2 protein chains.
Amino acid sequence: MKTSIDIDTKEVGEWIDWLAGFGYTKNGGVTRLLYDENWRLAQNSLFQKMNESGLKTHFDGVGNLFGRLDGTEKGEKTILTGSHIDTVIDGGKYDGAYGIIASLIAVNYLKQRYGSPQKSIEVVSLCEEEGSRFPLAFWGSGSITGKFNREDCSGLYDTKKVSFSHAMKSMGLQTDKEQVKRDDIDCFIEMHIEQGAVLEKEKKSIGIVSHIVGQRRFTIKVKGESNHAGTTPMPYRKDSMHIAAELITYALKQVTEIDSQLVATVGRILAIPNVPNVIAKEVTFTLDVRHHQEEVLDYYCEKVFACFEQKCKAAGMNVEWEQWLDVKAVAMDDKLTELAYTIVQEMDIPYRKMISGAGHDAQVFGTYCSTALVFVPSVGGISHSPKEYTKLEDLTRGIIVLIELLYRLAY
Amino acid sequence: MKTSIDIDTKEVGEWIDWLAGFGYTKNGGVTRLLYDENWRLAQNSLFQKMNESGLKTHFDGVGNLFGRLDGTEKGEKTILTGSHIDTVIDGGKYDGAYGIIASLIAVNYLKQRYGSPQKSIEVVSLCEEEGSRFPLAFWGSGSITGKFNREDCSGLYDTKKVSFSHAMKSMGLQTDKEQVKRDDIDCFIEMHIEQGAVLEKEKKSIGIVSHIVGQRRFTIKVKGESNHAGTTPMPYRKDSMHIAAELITYALKQVTEIDSQLVATVGRILAIPNVPNVIAKEVTFTLDVRHHQEEVLDYYCEKVFACFEQKCKAAGMNVEWEQWLDVKAVAMDDKLTELAYTIVQEMDIPYRKMISGAGHDAQVFGTYCSTALVFVPSVGGISHSPKEYTKLEDLTRGIIVLIELLYRLAY
């Protein structure tokens, strides 16, 4: 790697472990849910660290934490960089946390080496992204970009019947005190672990994201007839398991024929009555399909559901489907990604351009301001698990890229 | 129908409803489990009815109830006819019960019209067939034919933790008092509802069974790798749901290609973790396959499992299977079934020869003595349900066939 930037790898590891301490679980994972005690401790401790670094620090009305390094050019918009502080239940040490730590280390480095930038830079520890506590995700980025307002959280409860607004108030946050939406963001830059195994398999250290995929999720219900497994000859059956297996086989086989970047998953299946010697009356399964181009998703869905309908009709059976998720694909900013390519090429870091198959805060910012999303490898592609792991040298390499990117944008 | 036998259809319905009264459920079904209070009341009331009919009545050591009409030829073996008194939970009024009532009405008719037969005839109300209370089925026929002995029930408990031997004792049955196995059975004749829709669909009133199928049941486990539904490109996946769907499709498609009388059912499926946006790590499903020829079952199973192994190996995945049921096919007695054909042809009753896809007491007797099994139609093929129903005229027609059969065998 060709660079003069010198970051202490050991220190990166210490930062990661320090933040993982807030919500550390007996399985070696982290549970830090929006507005819980570990969340409070983590945000307040980060607040202190930012203060100690000489950043101008504040919380907004929903608990997003900002640490600002003022630019010399007055009135300029700010460069925002960071990720989310919350985790899934028994998640890993890196998802979200790495983006915050990378941003803080990068800004500290720039401040110490170069002093004040021309443009202001803000490190952000977003309050929430995972949707692990309340049935609402991207609360942090959604509040800053104006996607959400206070009404969106009203009437929501966690599994312990605590209301969203009560949880907020218990953190000292006033739900109706101030507008959280900001109009002074120039661009958003997020560092994140890949949560997949592409970089590792291809021996790349950096992934520069061009698009975040659109996601559609469906529940499909095949309705047949329950009957005795012994006394019903095959031609008399309306076996919903048989048809469901054919539909799943078809839907997953189509994927690779349509587009190499399309992915589809049937993750859940339920049969009724689900008894070995009774023909299933009803089989329900989910279909999760993702691609960065809406027209590819349209084509796939039309083709698959036309086939579902035709196959079930031919079998004298009924099929129903319901779409319960529709997240549009988002493109990252061309100029920012071009700049990132230039930097990693100059530094001679093995990289690849890639599509993000998972959702990130960058996807919310992407429809609101210029946004860049940069991945570091996940060992074994494992994420949302105590086994989530990224090598220290990869974490460090990502931070060096972020430093260079911020330097070229702000100084 | 050409016959001089005259049975009161209304009376047949009254008998069915009378027996259904012991264990009648709020759903309109019947729950009468081995050695429960309804079972005791039903067997004791049948005992009384048999006595009133002038039959020589006794219980054996496991609770099978016999009502004997002595033959004039001394030392001859006896003709046994009947079915089982127990039901599944919330089962129907006809399964088992019809066979007992048909036998009792038939023997009463013959006795009143013709007096004593040459050969003795015994009506039997078998104590158990369904396996609904304890994890053991065919306890009645199995005890008479010597398939089971007292050790087979030791250590068994129902869901309320009552032991088999305690349940027996509470009925006044002495578990070690006497040998139950009989060596004086000439033949067994069972009348039963079809529990399928073949007779109804083909507009036949009587089904004469040539074979009871062999049954094999398997649990198949496909082992892949759990991964993120978004970040794992299709070629990197080891999606156990995808493979399982292919295996199920293949296994069920093969059935009709191999033999028109072969049936196979995948009734149960379970995926782990069974979450819409996670690739399934493991999918387990059952396979129930039935045919009356062992060689057809062998051929099917060999072909299907060879394909399972090959497909999983090609996908870099693992497949395991376990067989947990192996019931051999049983042929009914040629002479008895020929006699039944002759009778229904002479009576001009629409009938068909058929294979029984379900297990029956006749299958246990079939390996021990000459056995016949005769079906009457089930409306909609529904059984093991409060909705189980057979038309009174079909029930009556079956009884008339049984009377003629017993007359020709015993008088």
# chains A, B, ... in the order shown; residues from 1 in each chain; ligands from 1
>>> select_by_dssp(residues="range 240-272 of chain B", states="strand (DSSP E)", output="PyMOL selection string")
chain B and resi 263-265+269-272
>>> residues_around(residues="His166 in chain A", least_positions_apart="3", cutoff="10 Å", atoms="only C-alpha atoms", output="list in words")
Tyr35, Ser154, Tyr157, Val162, Ser163, Lys169, Ser170, Met171, Gly172, Leu173 and Thr175 of chain A
>>> select_by_dssp(residues="range 108-151 of chain B", states="alpha helix (DSSP H)", output="list in words")
Asn108, Tyr109, Leu110, Lys111, Gln112, Arg113, Tyr114, Trp139, Gly140, Ser141, Gly142, Ser143 and Ile144 of chain B
>>> atom_distance(atom1="CA of Gly13 in chain A", atom2="CA of Ala137 in chain A")
28.1 Å
>>> interface_residues(of="chain B", to="chain A", cutoff="6 Å", atoms="only C-alpha atoms", output="number ranges by chain")
B: 196, 229-232, 245-246, 249, 265, 267-268, 274-276, 278-280, 286, 357-358
>>> residues_around(residues="Gly99 in chain A", least_positions_apart="6", cutoff="7 Å", atoms="only C-alpha atoms", output="list of chain:residue names")
A:Gly82, A:Ser83, A:Glu190, A:Met191, A:His192
>>> residues_around(residues="range 46-50 of chain B", least_positions_apart="3", cutoff="9 Å", atoms="only C-alpha atoms", output="list in words")
Leu19, Leu41, Ala42, Gln43, Ser53, Gly54, Leu55, Lys56, Thr57, His58, Phe59, Leu65, Phe66, Gly67, Arg68, Leu104, Asn108, Val123 and Ser125 of chain B
>>> residues_around(residues="range 85-93 of chain B", least_positions_apart="2", cutoff="7 Å", atoms="only C-alpha atoms", output="PyMOL selection string")
chain B and resi 16+20+25+29-34+39+83+95-97+125-130+132+383-388
>>> write_last_selection(atoms="C-alpha atoms", output="PDB file, in the first residue's frame")
ATOM      1  CA  ILE B  16     -74.064 -45.878  14.297  1.00  0.00           C
ATOM      2  CA  ALA B  20     -70.983 -42.581  18.483  1.00  0.00           C
ATOM      3  CA  THR B  25     -67.450 -34.375  21.013  1.00  0.00           C
ATOM      4  CA  GLY B  29     -66.941 -36.088  16.235  1.00  0.00           C
ATOM      5  CA  VAL B  30     -65.984 -38.976  18.493  1.00  0.00           C
ATOM      6  CA  THR B  31     -63.035 -39.336  20.863  1.00  0.00           C
ATOM      7  CA  ARG B  32     -62.791 -42.841  22.266  1.00  0.00           C
ATOM      8  CA  LEU B  33     -59.272 -43.764  23.233  1.00  0.00           C
ATOM      9  CA  LEU B  34     -57.998 -47.127  24.409  1.00  0.00           C
ATOM     10  CA  TRP B  39     -64.028 -46.803  25.621  1.00  0.00           C
ATOM     11  CA  SER B  83     -63.198 -53.970  13.460  1.00  0.00           C
ATOM     12  CA  ASP B  95     -63.983 -45.531  11.180  1.00  0.00           C
ATOM     13  CA  GLY B  96     -63.828 -48.881  13.036  1.00  0.00           C
ATOM     14  CA  ALA B  97     -67.340 -48.523  14.483  1.00  0.00           C
ATOM     15  CA  SER B 125     -64.884 -55.347  18.824  1.00  0.00           C
ATOM     16  CA  LEU B 126     -61.096 -54.947  18.745  1.00  0.00           C
ATOM     17  CA  CYS B 127     -59.777 -52.871  21.605  1.00  0.00           C
ATOM     18  CA  GLU B 128     -57.347 -50.702  19.650  1.00  0.00           C
ATOM     19  CA  GLU B 129     -56.023 -49.927  16.181  1.00  0.00           C
ATOM     20  CA  GLU B 130     -55.317 -46.201  15.833  1.00  0.00           C
ATOM     21  CA  SER B 132     -54.049 -42.470  19.357  1.00  0.00           C
ATOM     22  CA  SER B 383     -61.892 -39.457   7.438  1.00  0.00           C
ATOM     23  CA  HIS B 384     -60.361 -38.950  10.897  1.00  0.00           C
ATOM     24  CA  SER B 385     -62.608 -35.916  11.150  1.00  0.00           C
ATOM     25  CA  PRO B 386     -66.062 -35.085  12.523  1.00  0.00           C
ATOM     26  CA  LYS B 387     -66.964 -34.601   8.834  1.00  0.00           C
ATOM     27  CA  GLU B 388     -66.429 -38.316   8.099  1.00  0.00           C
TER      28      GLU B 388
END
>>> closest_residue(among="A:Lys204, A:Lys74, A:Lys328, A:Lys161", to="Gly398 in chain A", atoms="only C-alpha atoms")
A:Lys204
